[in-house]
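Enquirer: Next up, data11.txt (compact mmCIF, C-alpha atoms).
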# COMPACT_ATOMS: atom_id res chain seq x y z
CA MET A 1 -1.66 -27.58 -27.78
CA SER A 2 -4.79 -25.72 -28.76
CA THR A 3 -4.83 -22.73 -31.07
CA SER A 4 -5.66 -20.28 -28.31
CA SER A 5 -2.72 -21.39 -26.22
CA LEU A 6 -0.53 -21.24 -29.31
CA ASN A 7 -1.68 -17.69 -29.82
CA ARG A 8 -0.94 -16.85 -26.24
CA SER A 9 2.52 -18.32 -26.65
CA GLY A 10 3.41 -15.64 -29.12
CA PHE A 11 2.66 -16.95 -32.60
CA GLY A 12 0.88 -14.24 -34.51
CA SER A 13 1.18 -11.97 -31.51
CA PRO A 14 0.55 -8.24 -31.92
CA VAL A 15 3.55 -7.35 -29.77
CA PRO A 16 5.95 -6.41 -32.62
CA LEU A 17 3.28 -4.18 -34.13
CA LEU A 18 2.58 -2.60 -30.74
CA ALA A 19 6.28 -2.00 -30.19
CA VAL A 20 6.63 -0.25 -33.55
CA LEU A 21 3.52 1.81 -32.89
CA ALA A 22 4.71 2.80 -29.42
CA SER A 23 8.18 3.79 -30.56
CA GLY A 24 6.70 5.78 -33.46
CA LEU A 25 4.37 7.63 -31.13
CA VAL A 26 7.14 8.34 -28.63
CA GLY A 27 9.24 9.71 -31.51
CA ILE A 28 6.41 11.99 -32.62
CA ALA A 29 5.85 13.12 -29.04
CA LEU A 30 9.55 13.93 -28.63
CA ALA A 31 9.53 15.94 -31.85
CA LEU A 32 6.44 17.84 -30.75
CA VAL A 33 7.83 18.52 -27.29
CA PHE A 34 11.14 19.91 -28.51
CA PHE A 35 10.29 21.52 -31.84
CA VAL A 36 6.60 22.44 -31.85
CA ALA A 37 5.42 23.22 -28.33
CA PRO A 38 6.32 26.79 -27.35
CA GLU A 39 8.78 27.30 -24.53
CA ASP A 40 7.16 28.12 -21.22
CA ALA A 41 7.50 31.80 -20.43
CA ASP A 42 8.04 31.20 -16.75
CA GLN A 43 10.08 28.02 -16.42
CA GLY A 44 11.79 27.86 -19.81
CA LEU A 45 13.27 24.62 -21.06
CA SER A 46 12.83 22.72 -17.78
CA GLN A 47 9.06 22.83 -18.22
CA LYS A 48 9.42 20.36 -21.11
CA ILE A 49 9.74 17.51 -18.62
CA PHE A 50 6.09 18.11 -17.78
CA TYR A 51 5.12 16.44 -21.07
CA PHE A 52 6.70 13.21 -19.84
CA HIS A 53 6.32 13.46 -16.08
CA VAL A 54 2.53 13.84 -16.01
CA PRO A 55 1.74 11.18 -18.67
CA ILE A 56 4.09 8.73 -16.94
CA ALA A 57 2.32 9.37 -13.64
CA LEU A 58 -1.12 8.90 -15.22
CA THR A 59 0.09 5.72 -16.90
CA ALA A 60 1.37 4.39 -13.59
CA TYR A 61 -2.08 4.95 -12.07
CA ALA A 62 -3.64 3.20 -15.05
CA CYS A 63 -1.32 0.22 -14.61
CA PHE A 64 -2.14 -0.06 -10.90
CA GLY A 65 -5.83 0.21 -11.72
CA TRP A 66 -5.52 -2.42 -14.43
CA GLY A 67 -3.64 -4.71 -12.02
CA ALA A 68 -6.37 -4.30 -9.41
CA PHE A 69 -9.05 -4.97 -12.04
CA LYS A 70 -7.33 -8.21 -13.06
CA ALA A 71 -6.95 -9.10 -9.39
CA LEU A 72 -10.68 -8.66 -8.94
CA LEU A 73 -11.33 -10.88 -11.94
CA LEU A 74 -9.02 -13.52 -10.46
CA LEU A 75 -10.88 -13.57 -7.15
CA TRP A 76 -14.18 -13.60 -8.94
CA ARG A 77 -13.62 -16.11 -11.72
CA LYS A 78 -10.70 -18.10 -10.30
CA GLU A 79 -8.93 -18.28 -13.65
CA GLU A 80 -5.20 -18.69 -13.30
CA ARG A 81 -4.21 -16.40 -16.17
CA TYR A 82 -5.49 -13.30 -14.34
CA ASP A 83 -2.82 -13.81 -11.71
CA LEU A 84 -0.01 -13.29 -14.18
CA GLU A 85 -1.83 -10.40 -15.87
CA SER A 86 -2.36 -8.65 -12.54
CA TYR A 87 1.27 -9.19 -11.57
CA VAL A 88 2.61 -7.86 -14.86
CA ALA A 89 0.37 -4.77 -14.67
CA VAL A 90 1.55 -4.02 -11.12
CA HIS A 91 5.13 -4.58 -12.25
CA GLN A 92 4.76 -2.07 -15.08
CA GLY A 93 2.99 0.32 -12.71
CA THR A 94 5.91 0.15 -10.30
CA ILE A 95 8.40 0.82 -13.11
CA PHE A 96 6.40 3.83 -14.26
CA GLY A 97 5.98 4.90 -10.65
CA ALA A 98 9.74 4.89 -10.18
CA LEU A 99 10.07 6.92 -13.39
CA THR A 100 7.51 9.39 -12.02
CA LEU A 101 9.61 9.81 -8.89
CA ALA A 102 12.74 10.31 -10.97
CA THR A 103 11.24 12.81 -13.42
CA GLY A 104 9.41 14.63 -10.62
CA SER A 105 12.61 14.91 -8.67
CA ILE A 106 14.48 16.30 -11.69
CA TRP A 107 11.72 18.81 -12.29
CA ALA A 108 11.74 19.89 -8.64
CA LYS A 109 15.50 20.41 -8.83
CA ALA A 110 15.24 22.41 -12.04
CA SER A 111 12.33 24.57 -10.86
CA TRP A 112 12.97 25.03 -7.16
CA GLY A 113 16.51 23.89 -6.58
CA HIS A 114 15.62 20.91 -4.37
CA TRP A 115 15.69 17.24 -5.32
CA TRP A 116 12.85 16.44 -2.98
CA LEU A 117 9.94 18.53 -1.73
CA TRP A 118 7.43 17.25 0.80
CA SER A 119 5.04 19.93 -0.35
CA GLU A 120 4.60 18.17 -3.69
CA ASN A 121 1.54 16.07 -2.89
CA GLN A 122 1.59 13.93 -5.99
CA LEU A 123 5.24 13.10 -5.57
CA VAL A 124 4.76 12.12 -1.93
CA LEU A 125 1.81 9.96 -2.93
CA PHE A 126 3.98 8.19 -5.47
CA LEU A 127 6.60 7.57 -2.82
CA VAL A 128 3.99 5.92 -0.59
CA LEU A 129 2.67 3.88 -3.51
CA PHE A 130 6.18 2.91 -4.53
CA LEU A 131 6.87 1.58 -1.03
CA PHE A 132 3.53 -0.20 -0.97
CA TYR A 133 4.01 -1.93 -4.31
CA SER A 134 7.63 -2.79 -3.58
CA ALA A 135 6.29 -4.77 -0.65
CA TYR A 136 3.94 -6.49 -3.12
CA PHE A 137 6.92 -8.08 -4.82
CA MET A 138 8.51 -9.06 -1.51
CA LEU A 139 5.25 -10.71 -0.51
CA ARG A 140 4.69 -12.43 -3.81
CA PHE A 141 8.14 -13.93 -4.01
CA SER A 142 8.12 -15.24 -0.47
CA ILE A 143 4.99 -17.35 -0.97
CA GLU A 144 5.11 -20.64 -2.80
CA GLU A 145 3.58 -20.59 -6.24
CA GLY A 146 -0.01 -21.73 -6.37
CA PRO A 147 -3.60 -20.56 -5.86
CA ARG A 148 -2.82 -19.27 -2.37
CA ARG A 149 -0.16 -16.94 -3.71
CA ALA A 150 -2.46 -15.80 -6.50
CA ASN A 151 -5.21 -14.98 -4.01
CA ILE A 152 -2.97 -13.14 -1.57
CA SER A 153 -1.31 -11.11 -4.32
CA ALA A 154 -4.72 -10.21 -5.69
CA VAL A 155 -6.05 -9.03 -2.34
CA TYR A 156 -2.93 -6.92 -1.83
CA ALA A 157 -3.22 -5.41 -5.30
CA LEU A 158 -6.83 -4.48 -4.53
CA PHE A 159 -5.73 -2.74 -1.35
CA GLY A 160 -3.49 -0.56 -3.48
CA ILE A 161 -6.41 0.93 -5.30
CA ALA A 162 -8.08 1.84 -2.01
CA LEU A 163 -4.82 3.28 -0.71
CA VAL A 164 -4.54 5.83 -3.54
CA PRO A 165 -7.46 8.11 -2.57
CA VAL A 166 -7.00 7.53 1.17
CA SER A 167 -3.30 8.42 1.01
CA PHE A 168 -3.98 11.40 -1.18
CA LEU A 169 -6.48 12.70 1.35
CA ALA A 170 -4.03 12.01 4.17
CA ILE A 171 -1.23 13.88 2.43
CA ARG A 172 -3.52 16.83 1.76
CA LEU A 173 -4.56 16.88 5.40
CA ALA A 174 -0.99 16.56 6.62
CA GLU A 175 0.09 19.44 4.46
CA ASN A 176 -2.20 21.87 6.26
CA VAL A 177 -1.03 21.15 9.75
CA ILE A 178 2.25 19.36 9.68
CA HIS A 179 3.99 20.89 6.69
CA PRO A 180 2.72 24.24 5.48
CA THR A 181 2.80 24.70 1.73
CA VAL A 182 5.79 26.66 0.58
CA PHE A 183 5.66 26.21 -3.13
CA THR A 184 2.68 25.93 -5.38
CA ARG A 185 2.81 24.78 -8.94
CA GLU A 186 0.55 27.36 -10.46
CA GLY A 187 1.32 26.56 -14.06
CA PRO A 188 0.43 29.21 -16.57
CA GLN A 189 -2.54 28.43 -18.77
CA MET A 190 -1.64 25.88 -21.40
CA THR A 191 -1.84 27.06 -24.94
CA GLY A 192 -3.56 24.93 -27.57
CA THR A 193 -0.27 23.59 -28.96
CA MET A 194 0.95 22.76 -25.50
CA PHE A 195 -2.21 20.87 -24.73
CA PHE A 196 -2.03 19.00 -28.02
CA THR A 197 1.59 18.04 -27.34
CA PHE A 198 0.62 16.88 -23.88
CA CYS A 199 -2.15 14.67 -25.30
CA VAL A 200 0.18 13.12 -27.88
CA ALA A 201 2.78 12.46 -25.20
CA TRP A 202 0.12 10.87 -23.02
CA VAL A 203 -1.04 8.57 -25.80
CA ALA A 204 2.58 7.69 -26.61
CA ILE A 205 3.45 6.79 -23.03
CA SER A 206 0.25 4.76 -22.68
CA ALA A 207 1.05 2.87 -25.88
CA LEU A 208 4.55 2.26 -24.61
CA ALA A 209 3.21 0.91 -21.31
CA TYR A 210 0.76 -1.35 -23.11
CA ALA A 211 3.46 -2.68 -25.43
CA LEU A 212 5.73 -3.38 -22.46
CA TYR A 213 2.85 -5.04 -20.64
CA ARG A 214 2.14 -7.35 -23.56
CA LEU A 215 5.83 -8.06 -24.05
CA GLU A 216 6.39 -9.01 -20.43
CA LEU A 217 3.23 -11.11 -20.44
CA LEU A 218 4.42 -12.91 -23.55
CA GLY A 219 7.82 -13.62 -22.02
CA LYS A 220 6.34 -14.89 -18.77
CA ARG A 221 3.89 -17.14 -20.61
CA LEU A 222 6.60 -18.54 -22.84
CA ASP A 223 8.60 -19.24 -19.71
CA SER A 224 5.81 -21.14 -18.05
CA ASN A 225 4.92 -23.05 -21.24
CA LEU A 226 8.54 -24.03 -21.60
CA ARG A 227 8.67 -25.20 -18.02
CA GLU A 228 5.53 -27.29 -18.52
CA LEU A 229 6.98 -28.80 -21.66
CA ARG A 230 10.23 -29.64 -19.93
CA GLU A 231 8.38 -31.28 -17.06
CA ALA A 232 6.23 -33.24 -19.51
CA LEU A 233 9.33 -34.43 -21.37
CA SER A 234 11.27 -35.39 -18.26
CA SER A 235 8.45 -37.37 -16.70
CA MET B 1 -26.60 -14.23 15.48
CA THR B 2 -24.49 -17.37 15.20
CA PHE B 3 -21.97 -15.28 13.29
CA LEU B 4 -21.51 -12.94 16.23
CA ALA B 5 -21.41 -15.86 18.64
CA ASP B 6 -18.63 -17.43 16.56
CA VAL B 7 -16.72 -14.16 16.55
CA ALA B 8 -17.06 -13.87 20.31
CA THR B 9 -15.89 -17.44 20.81
CA LEU B 10 -12.84 -16.89 18.61
CA ALA B 11 -11.93 -13.64 20.33
CA ARG B 12 -12.38 -15.23 23.75
CA LYS B 13 -10.08 -18.06 22.73
CA ASP B 14 -7.31 -15.59 21.89
CA LEU B 15 -7.77 -13.66 25.12
CA ARG B 16 -7.75 -16.84 27.18
CA LEU B 17 -4.59 -18.03 25.43
CA GLU B 18 -2.94 -14.72 26.23
CA LEU B 19 -4.08 -14.79 29.86
CA ARG B 20 -2.59 -18.24 30.30
CA ALA B 21 0.62 -17.96 28.29
CA ARG B 22 1.22 -14.19 28.68
CA ASP B 23 3.73 -14.09 25.86
CA THR B 24 2.60 -11.10 23.78
CA LEU B 25 1.04 -8.34 25.84
CA PRO B 26 3.76 -7.99 28.51
CA ALA B 27 6.34 -7.78 25.72
CA MET B 28 4.33 -5.04 24.01
CA LEU B 29 3.97 -3.04 27.22
CA LEU B 30 7.66 -3.26 28.01
CA PHE B 31 8.52 -2.37 24.43
CA VAL B 32 6.39 0.75 24.34
CA VAL B 33 7.81 2.05 27.62
CA SER B 34 11.37 1.32 26.47
CA THR B 35 10.71 3.05 23.17
CA LEU B 36 9.40 6.16 24.92
CA VAL B 37 12.50 6.25 27.10
CA VAL B 38 14.70 5.92 24.01
CA PHE B 39 12.77 8.77 22.38
CA ARG B 40 13.35 10.94 25.43
CA PHE B 41 17.06 10.70 24.69
CA ALA B 42 16.64 10.87 20.93
CA LEU B 43 14.93 14.26 21.15
CA PRO B 44 17.44 17.08 21.40
CA GLU B 45 17.22 19.48 24.32
CA GLY B 46 14.60 22.13 23.71
CA ALA B 47 12.50 20.06 21.31
CA ASP B 48 8.86 20.98 21.67
CA ASP B 49 5.85 18.90 22.62
CA VAL B 50 4.62 18.74 19.04
CA ALA B 51 7.65 16.70 18.06
CA ALA B 52 6.99 14.40 21.01
CA GLN B 53 3.40 13.90 19.76
CA GLY B 54 4.80 12.54 16.53
CA LEU B 55 7.09 10.18 18.39
CA LEU B 56 4.16 8.87 20.43
CA TRP B 57 2.63 7.65 17.17
CA VAL B 58 5.86 6.07 16.03
CA ALA B 59 5.98 4.18 19.33
CA LEU B 60 2.35 3.08 19.04
CA VAL B 61 2.66 1.88 15.44
CA PHE B 62 5.85 -0.06 16.05
CA THR B 63 4.52 -1.65 19.21
CA ALA B 64 1.36 -2.64 17.36
CA LEU B 65 3.58 -4.28 14.74
CA LEU B 66 5.27 -6.27 17.48
CA GLY B 67 1.90 -7.60 18.60
CA LEU B 68 0.62 -8.19 15.06
CA ALA B 69 3.66 -10.29 14.20
CA ARG B 70 2.53 -12.68 16.94
CA ALA B 71 -1.17 -12.46 16.08
CA TRP B 72 -1.38 -15.73 14.15
CA ALA B 73 1.42 -17.50 15.99
CA PRO B 74 -0.84 -19.80 18.07
CA GLU B 75 -2.73 -20.95 14.97
CA ARG B 76 0.46 -21.45 13.00
CA GLU B 77 2.31 -23.33 15.69
CA GLY B 78 -0.64 -25.58 16.41
CA GLY B 79 -1.55 -25.98 12.74
CA ALA B 80 -5.02 -24.80 13.77
CA LEU B 81 -5.73 -22.41 10.92
CA GLU B 82 -6.73 -25.22 8.54
CA GLY B 83 -9.16 -26.45 11.18
CA LEU B 84 -10.64 -22.98 11.59
CA VAL B 85 -11.01 -22.56 7.85
CA LEU B 86 -12.88 -25.87 7.68
CA ALA B 87 -15.16 -24.95 10.57
CA PRO B 88 -18.81 -24.43 9.58
CA THR B 89 -18.77 -20.67 9.92
CA ASP B 90 -18.25 -17.73 7.64
CA ARG B 91 -14.51 -17.25 7.21
CA SER B 92 -14.71 -13.55 7.89
CA ALA B 93 -15.63 -14.55 11.46
CA ILE B 94 -12.03 -15.72 11.88
CA TRP B 95 -10.80 -12.28 10.85
CA LEU B 96 -13.30 -10.43 12.99
CA GLY B 97 -12.57 -12.57 16.04
CA LYS B 98 -8.84 -12.06 15.68
CA SER B 99 -9.30 -8.33 15.08
CA ALA B 100 -11.44 -8.02 18.20
CA ALA B 101 -8.74 -9.72 20.27
CA VAL B 102 -6.03 -7.51 18.75
CA PHE B 103 -8.17 -4.44 19.44
CA ILE B 104 -8.37 -5.36 23.11
CA PHE B 105 -4.58 -5.87 23.21
CA LEU B 106 -4.08 -2.46 21.62
CA CYS B 107 -6.39 -0.78 24.13
CA ALA B 108 -4.45 -2.41 26.96
CA LEU B 109 -1.30 -1.12 25.33
CA ASP B 110 -2.68 2.43 25.20
CA ALA B 111 -3.74 2.24 28.83
CA VAL B 112 -0.02 2.02 29.62
CA ALA B 113 1.47 4.03 26.75
CA LEU B 114 -0.62 7.19 27.10
CA PRO B 115 -0.06 7.67 30.87
CA ALA B 116 3.63 6.91 30.35
CA PHE B 117 3.75 9.51 27.58
CA ALA B 118 1.97 12.05 29.77
CA LEU B 119 4.46 11.34 32.54
CA PHE B 120 7.59 11.57 30.39
CA PHE B 121 6.66 14.21 27.82
CA ALA B 122 3.45 16.21 27.73
CA PRO B 123 -0.16 15.86 28.86
CA VAL B 124 -2.46 13.98 26.50
CA ASN B 125 -5.59 15.76 25.32
CA LEU B 126 -8.95 14.19 24.69
CA SER B 127 -8.73 14.30 20.91
CA THR B 128 -5.47 12.33 21.05
CA VAL B 129 -7.27 9.63 23.02
CA ALA B 130 -10.09 9.60 20.47
CA GLY B 131 -7.53 9.45 17.67
CA VAL B 132 -5.74 6.54 19.31
CA LEU B 133 -8.96 4.58 19.69
CA LEU B 134 -9.97 5.17 16.06
CA ALA B 135 -6.49 4.29 14.87
CA ASN B 136 -6.67 1.08 16.92
CA LEU B 137 -9.68 0.03 14.88
CA GLY B 138 -7.79 0.59 11.64
CA ILE B 139 -4.65 -1.11 12.90
CA CYS B 140 -6.47 -4.21 14.10
CA ALA B 141 -8.61 -4.50 10.95
CA ILE B 142 -5.82 -4.16 8.45
CA GLY B 143 -3.00 -5.52 10.58
CA THR B 144 -4.78 -8.80 11.22
CA LEU B 145 -5.32 -9.37 7.53
CA LEU B 146 -1.76 -8.43 6.60
CA ALA B 147 -0.43 -10.64 9.39
CA ALA B 148 -2.41 -13.54 7.92
CA MET B 149 -0.78 -12.80 4.56
CA ALA B 150 2.64 -12.64 6.16
CA ALA B 151 1.99 -15.90 7.99
CA ALA B 152 1.54 -17.62 4.63
CA SER B 153 4.94 -16.41 3.42
CA ARG B 154 8.41 -17.72 4.15
CA THR B 155 9.68 -14.47 5.65
CA ARG B 156 6.90 -13.84 8.17
CA GLU B 157 8.26 -11.41 10.72
CA LEU B 158 10.40 -9.69 8.14
CA ILE B 159 7.67 -8.90 5.67
CA LEU B 160 4.89 -7.70 7.97
CA PRO B 161 6.38 -4.22 8.62
CA LEU B 162 6.96 -3.77 4.89
CA LEU B 163 3.32 -4.53 4.19
CA PHE B 164 1.94 -2.59 7.12
CA LEU B 165 3.90 0.68 7.25
CA PRO B 166 2.79 2.16 3.89
CA LEU B 167 -0.81 1.47 4.90
CA ALA B 168 -0.22 2.94 8.36
CA ILE B 169 0.90 6.34 7.02
CA PRO B 170 -2.67 7.70 6.78
CA LEU B 171 -3.32 6.52 10.35
CA VAL B 172 -0.29 8.40 11.59
CA VAL B 173 -1.36 11.52 9.69
CA GLY B 174 -4.84 11.35 11.20
CA GLY B 175 -3.61 10.58 14.70
CA VAL B 176 -0.92 13.24 14.86
CA GLY B 177 -3.26 15.75 13.26
CA ALA B 178 -5.97 15.02 15.82
CA GLY B 179 -3.45 15.61 18.60
CA VAL B 180 -1.84 18.82 17.43
CA SER B 181 -4.40 20.51 15.18
CA ALA B 182 -6.68 23.29 16.34
CA GLU B 183 -9.63 21.55 14.67
CA PRO B 184 -9.21 17.84 15.38
CA ALA B 185 -12.68 16.91 14.10
CA ARG B 186 -11.49 16.72 10.50
CA PHE B 187 -8.71 14.34 11.39
CA LEU B 188 -10.96 12.16 13.51
CA ALA B 189 -13.44 12.02 10.64
CA PHE B 190 -10.61 11.00 8.33
CA LEU B 191 -9.59 8.21 10.72
CA GLY B 192 -13.21 7.04 10.79
CA LEU B 193 -13.29 7.02 7.01
CA TYR B 194 -10.06 5.03 6.86
CA ASP B 195 -11.41 2.50 9.34
CA GLY B 196 -14.63 2.12 7.39
CA VAL B 197 -13.01 1.70 3.98
CA PHE B 198 -10.40 -0.79 5.06
CA ALA B 199 -12.63 -2.73 7.45
CA ILE B 200 -15.07 -3.42 4.62
CA LEU B 201 -12.23 -4.35 2.27
CA CYS B 202 -10.65 -6.68 4.83
CA TRP B 203 -13.97 -8.23 5.72
CA ALA B 204 -14.68 -8.99 2.08
CA SER B 205 -11.24 -10.26 1.18
CA PHE B 206 -10.11 -12.25 4.22
CA GLU B 207 -11.69 -15.41 2.86
CA TYR B 208 -9.32 -15.37 -0.10
CA VAL B 209 -6.26 -14.95 2.08
CA VAL B 210 -6.83 -18.14 4.06
CA SER B 211 -8.37 -20.35 1.40
CA GLU B 212 -7.17 -21.66 -1.92
I need this file expressed as structure tokens, please.

Expert:
Amino acid sequence: MSTSSLNRSGFGSPVPLLAVLASGLVGIALALVFFVAPEDADQGLSQKIFYFHVPIALTAYACFGWGAFKALLLLWRKEERYDLESYVAVHQGTIFGALTLATGSIWAKASWGHWWLWSENQLVLFLVLFLFYSAYFMLRFSIEEGPRRANISAVYALFGIALVPVSFLAIRLAENVIHPTVFTREGPQMTGTMFFTFCVAWVAISALAYALYRLELLGKRLDSNLRELREALSS
Amino acid sequence: MTFLADVATLARKDLRLELRARDTLPAMLLFVVSTLVVFRFALPEGADDVAAQGLLWVALVFTALLGLARAWAPEREGGALEGLVLAPTDRSAIWLGKSAAVFIFLCALDAVALPAFALFFAPVNLSTVAGVLLANLGICAIGTLLAAMAAASRTRELILPLLFLPLAIPLVVGGVGAGVSAEPARFLAFLGLYDGVFAILCWASFEYVVSE
């Protein structure tokens, strides 16, 4: 086993460090959100969820983008490792997408008294994306492992990145004719402390996503190395 | 020019197969009429024409799915896809040929569905027809590619709707908007944009779906 593959199997991996860093940052962000950032004059305590909802949503986009980027690399360079990287990024994106739906729904309930609002464009977009990427997993796990599966998953992941702006446009268009806007989220201007808190929370959530991405990648690679080893031993 | 000739040959092959076997198009036509009749009873008394417009699009999308699920059946059953992939032509020609055939099926479908809708529900305006034609382009481009993906999986018929429906949402928005909005041009332009973006993406990526 070469050194690089040893490294990729987890020896001397930065994952523990990343995990500590991410949890530290999330702790700081929590402290800032609850003890430093001023309470919103209009929405009160429920506005605090904004500091998590928006960074989680942005992180989900980043994960989908990263997954599509790795998918492009796979199609371009035909290296097997990009397949797993693209899959793990999409997986993390879907988890963060589900969290976006959950936090958005809680916020909608707290602010407007409804668990779901079709007038919330971003939330509707995440619902569409969530459905789209859920189908990604169905597709991936119903094709036999191999280069064909890698290619098909990659093409589908690339479609996702085209779907984001197209769906957003569609939802905006639909809003005007099919569902008139009832509520608008005209947030009051953010103060400096609020903006700072938001940035820290964003960095923290991104670090958390990256740590989870590396952790899952590590686990999946260990799995496949172990399987190879077992096959080599049994044959 | 050989590329276009290949595409035409492939599309002609599909149309000839359909003319001889007649196993997809009649089923689609019967399905769309049955669906419209079901919708007539699903709509409560006093529902307006705008609601019916939405249902027209549900019927069209689901019927298209029925046809798309069969799109690669002849190749799969005959084991012909490997042969096509090995043929000395650009692989996107396979996609384009299949899409052209599916487009013709969809137009035949609309030739029955729209008059039936006008008969059962409300008259169809010109912008709805334009919207349907533009949506057909998007459906055949993206549906053919997704059907090829689904054909490679174990759960073919089951997975195609899951792949297709999230991508069809913008088409439904554009189509319904074109039908009911006072300024349909924006929605038609959006449908054109959708067709362009996804046609290019499908054209570029089809090769990877059928090859290893």

Enquirer: Measure the distance from atom CA of A:Leu84 to atom CA of B:Ala69 in Å and round it to one decimal.

Expert: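 Those two atoms sit 28.8 Å apart.
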
Enquirer: Enumerate, in order of chain and increasing residue number, the residues of chain B with an atom no farther than 7 Å from chain A, each with its shortest atom pair and distance in Å to one decimal, counting all atoms listed in the file, as a Markdown table.

Expert:
| residue | atom | partner | partner_atom | distance |
| --- | --- | --- | --- | --- |
| B:Met149 | CA | A:Ile152 | CA | 6.5 |
| B:Ala152 | CA | A:Ile143 | CA | 6.6 |
| B:Ser153 | CA | A:Ile143 | CA | 4.5 |
| B:Arg154 | CA | A:Ser142 | CA | 5.3 |
| B:Thr155 | CA | A:Ser142 | CA | 6.4 |
| B:Ile159 | CA | A:Leu139 | CA | 6.9 |
| B:Leu162 | CA | A:Ala135 | CA | 5.7 |
| B:Leu163 | CA | A:Ala135 | CA | 5.7 |
| B:Pro166 | CA | A:Phe132 | CA | 5.5 |
| B:Pro170 | CA | A:Ala170 | CA | 5.2 |
| B:Val173 | CA | A:Ala174 | CA | 5.9 |
| B:Gly177 | CA | A:Val177 | CA | 6.8 |
| B:Ser181 | CA | A:Val177 | CA | 6.4 |
| B:Tyr194 | CA | A:Val166 | CA | 6.9 |
| B:Ser205 | CA | A:Val155 | CA | 6.4 |
| B:Tyr208 | CA | A:Asn151 | CA | 5.7 |
| B:Val209 | CA | A:Ile152 | CA | 5.2 |
| B:Ser211 | CA | A:Arg148 | CA | 6.8 |
| B:Glu212 | CA | A:Arg148 | CA | 5.0 |

Enquirer: Those same residues - C-alpha atoms - I'd like them written as a PDB file, in the frame of the given file.

Expert:
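again.pdb was written with the following content:
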ATOM      1  CA  MET B 149      -0.780 -12.800   4.560  1.00  0.00           C
ATOM      2  CA  ALA B 152       1.540 -17.620   4.630  1.00  0.00           C
ATOM      3  CA  SER B 153       4.940 -16.410   3.420  1.00  0.00           C
ATOM      4  CA  ARG B 154       8.410 -17.720   4.150  1.00  0.00           C
ATOM      5  CA  THR B 155       9.680 -14.470   5.650  1.00  0.00           C
ATOM      6  CA  ILE B 159       7.670  -8.900   5.670  1.00  0.00           C
ATOM      7  CA  LEU B 162       6.960  -3.770   4.890  1.00  0.00           C
ATOM      8  CA  LEU B 163       3.320  -4.530   4.190  1.00  0.00           C
ATOM      9  CA  PRO B 166       2.790   2.160   3.890  1.00  0.00           C
ATOM     10  CA  PRO B 170      -2.670   7.700   6.780  1.00  0.00           C
ATOM     11  CA  VAL B 173      -1.360  11.520   9.690  1.00  0.00           C
ATOM     12  CA  GLY B 177      -3.260  15.750  13.260  1.00  0.00           C
ATOM     13  CA  SER B 181      -4.400  20.510  15.180  1.00  0.00           C
ATOM     14  CA  TYR B 194     -10.060   5.030   6.860  1.00  0.00           C
ATOM     15  CA  SER B 205     -11.240 -10.260   1.180  1.00  0.00           C
ATOM     16  CA  TYR B 208      -9.320 -15.370  -0.100  1.00  0.00           C
ATOM     17  CA  VAL B 209      -6.260 -14.950   2.080  1.00  0.00           C
ATOM     18  CA  SER B 211      -8.370 -20.350   1.400  1.00  0.00           C
ATOM     19  CA  GLU B 212      -7.170 -21.660  -1.920  1.00  0.00           C
TER      20      GLU B 212
END

Enquirer: Find the distance between atom CA of B:Ala11 and atom CA of B:Gly175 and write it in Å to one decimal.

Expert: 26.2 Å

Enquirer: With only C-alpha atoms as the basis for distance, which of B:Ala204, B:Ala101, B:Leu84, B:Ala52 is at the shortest distance from B:Leu137?

Expert: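 Closest candidate: B:Ala101.
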
Enquirer: Which neighbours of B:Ala168 fall inside 9 Å, counting all atoms listed in the file, when residues of the same chain fewer than 5 positions from it are skipped, and could you give them as a PyMOL selection string?

Expert: chain B and resi 61+138-139+173

Enquirer: Quote the spacing between atom CA of B:Trp72 and atom CA of B:Gly196 in Å to one decimal place.

Expert: 23.2 Å

Enquirer: Name the residues within 12 Å of (9.8, -1.2, -29.1), counting all atoms listed in the file in the file's coordinates, and put them as a list in words.

Expert: Pro14, Val15, Pro16, Leu17, Leu18, Ala19, Val20, Leu21, Ala22, Ser23, Gly24, Leu25, Val26, Gly27, Ala204, Ile205, Ala207, Leu208, Ala209, Tyr210, Ala211, Leu212, Tyr213, Arg214 and Leu215 of chain A

Enquirer: B:Leu134: which residues within 10 Å, counting all atoms listed in the file, same-chain residues fewer than 3 positions away excluded, as a PyMOL selection string?

Expert: chain B and resi 128-131+137-139+171+174-175+188-195

Enquirer: Around the point (12.1, 7.8, 27.2) (coordinates from the file), which residues reach within 12 Å if we count all atoms listed in the file? Answer as a ChimeraX atom specification.

Expert: /B:30-43,52,55-56,59,113,116-121

Enquirer: Could you turn the residues from that selection into a file that holds C-alpha atoms, as a short mmCIF file (atom, residue, chain, number, x, y, z; two decimals), keeping the file's coordinate frame?

Expert:
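Output contents, as saved in again_39.cif:
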data_model
loop_
_atom_site.label_atom_id
_atom_site.label_comp_id
_atom_site.auth_asym_id
_atom_site.auth_seq_id
_atom_site.Cartn_x
_atom_site.Cartn_y
_atom_site.Cartn_z
CA LEU B 30 7.66 -3.26 28.01
CA PHE B 31 8.52 -2.37 24.43
CA VAL B 32 6.39 0.75 24.34
CA VAL B 33 7.81 2.05 27.62
CA SER B 34 11.37 1.32 26.47
CA THR B 35 10.71 3.05 23.17
CA LEU B 36 9.40 6.16 24.92
CA VAL B 37 12.50 6.25 27.10
CA VAL B 38 14.70 5.92 24.01
CA PHE B 39 12.77 8.77 22.38
CA ARG B 40 13.35 10.94 25.43
CA PHE B 41 17.06 10.70 24.69
CA ALA B 42 16.64 10.87 20.93
CA LEU B 43 14.93 14.26 21.15
CA ALA B 52 6.99 14.40 21.01
CA LEU B 55 7.09 10.18 18.39
CA LEU B 56 4.16 8.87 20.43
CA ALA B 59 5.98 4.18 19.33
CA ALA B 113 1.47 4.03 26.75
CA ALA B 116 3.63 6.91 30.35
CA PHE B 117 3.75 9.51 27.58
CA ALA B 118 1.97 12.05 29.77
CA LEU B 119 4.46 11.34 32.54
CA PHE B 120 7.59 11.57 30.39
CA PHE B 121 6.66 14.21 27.82
#
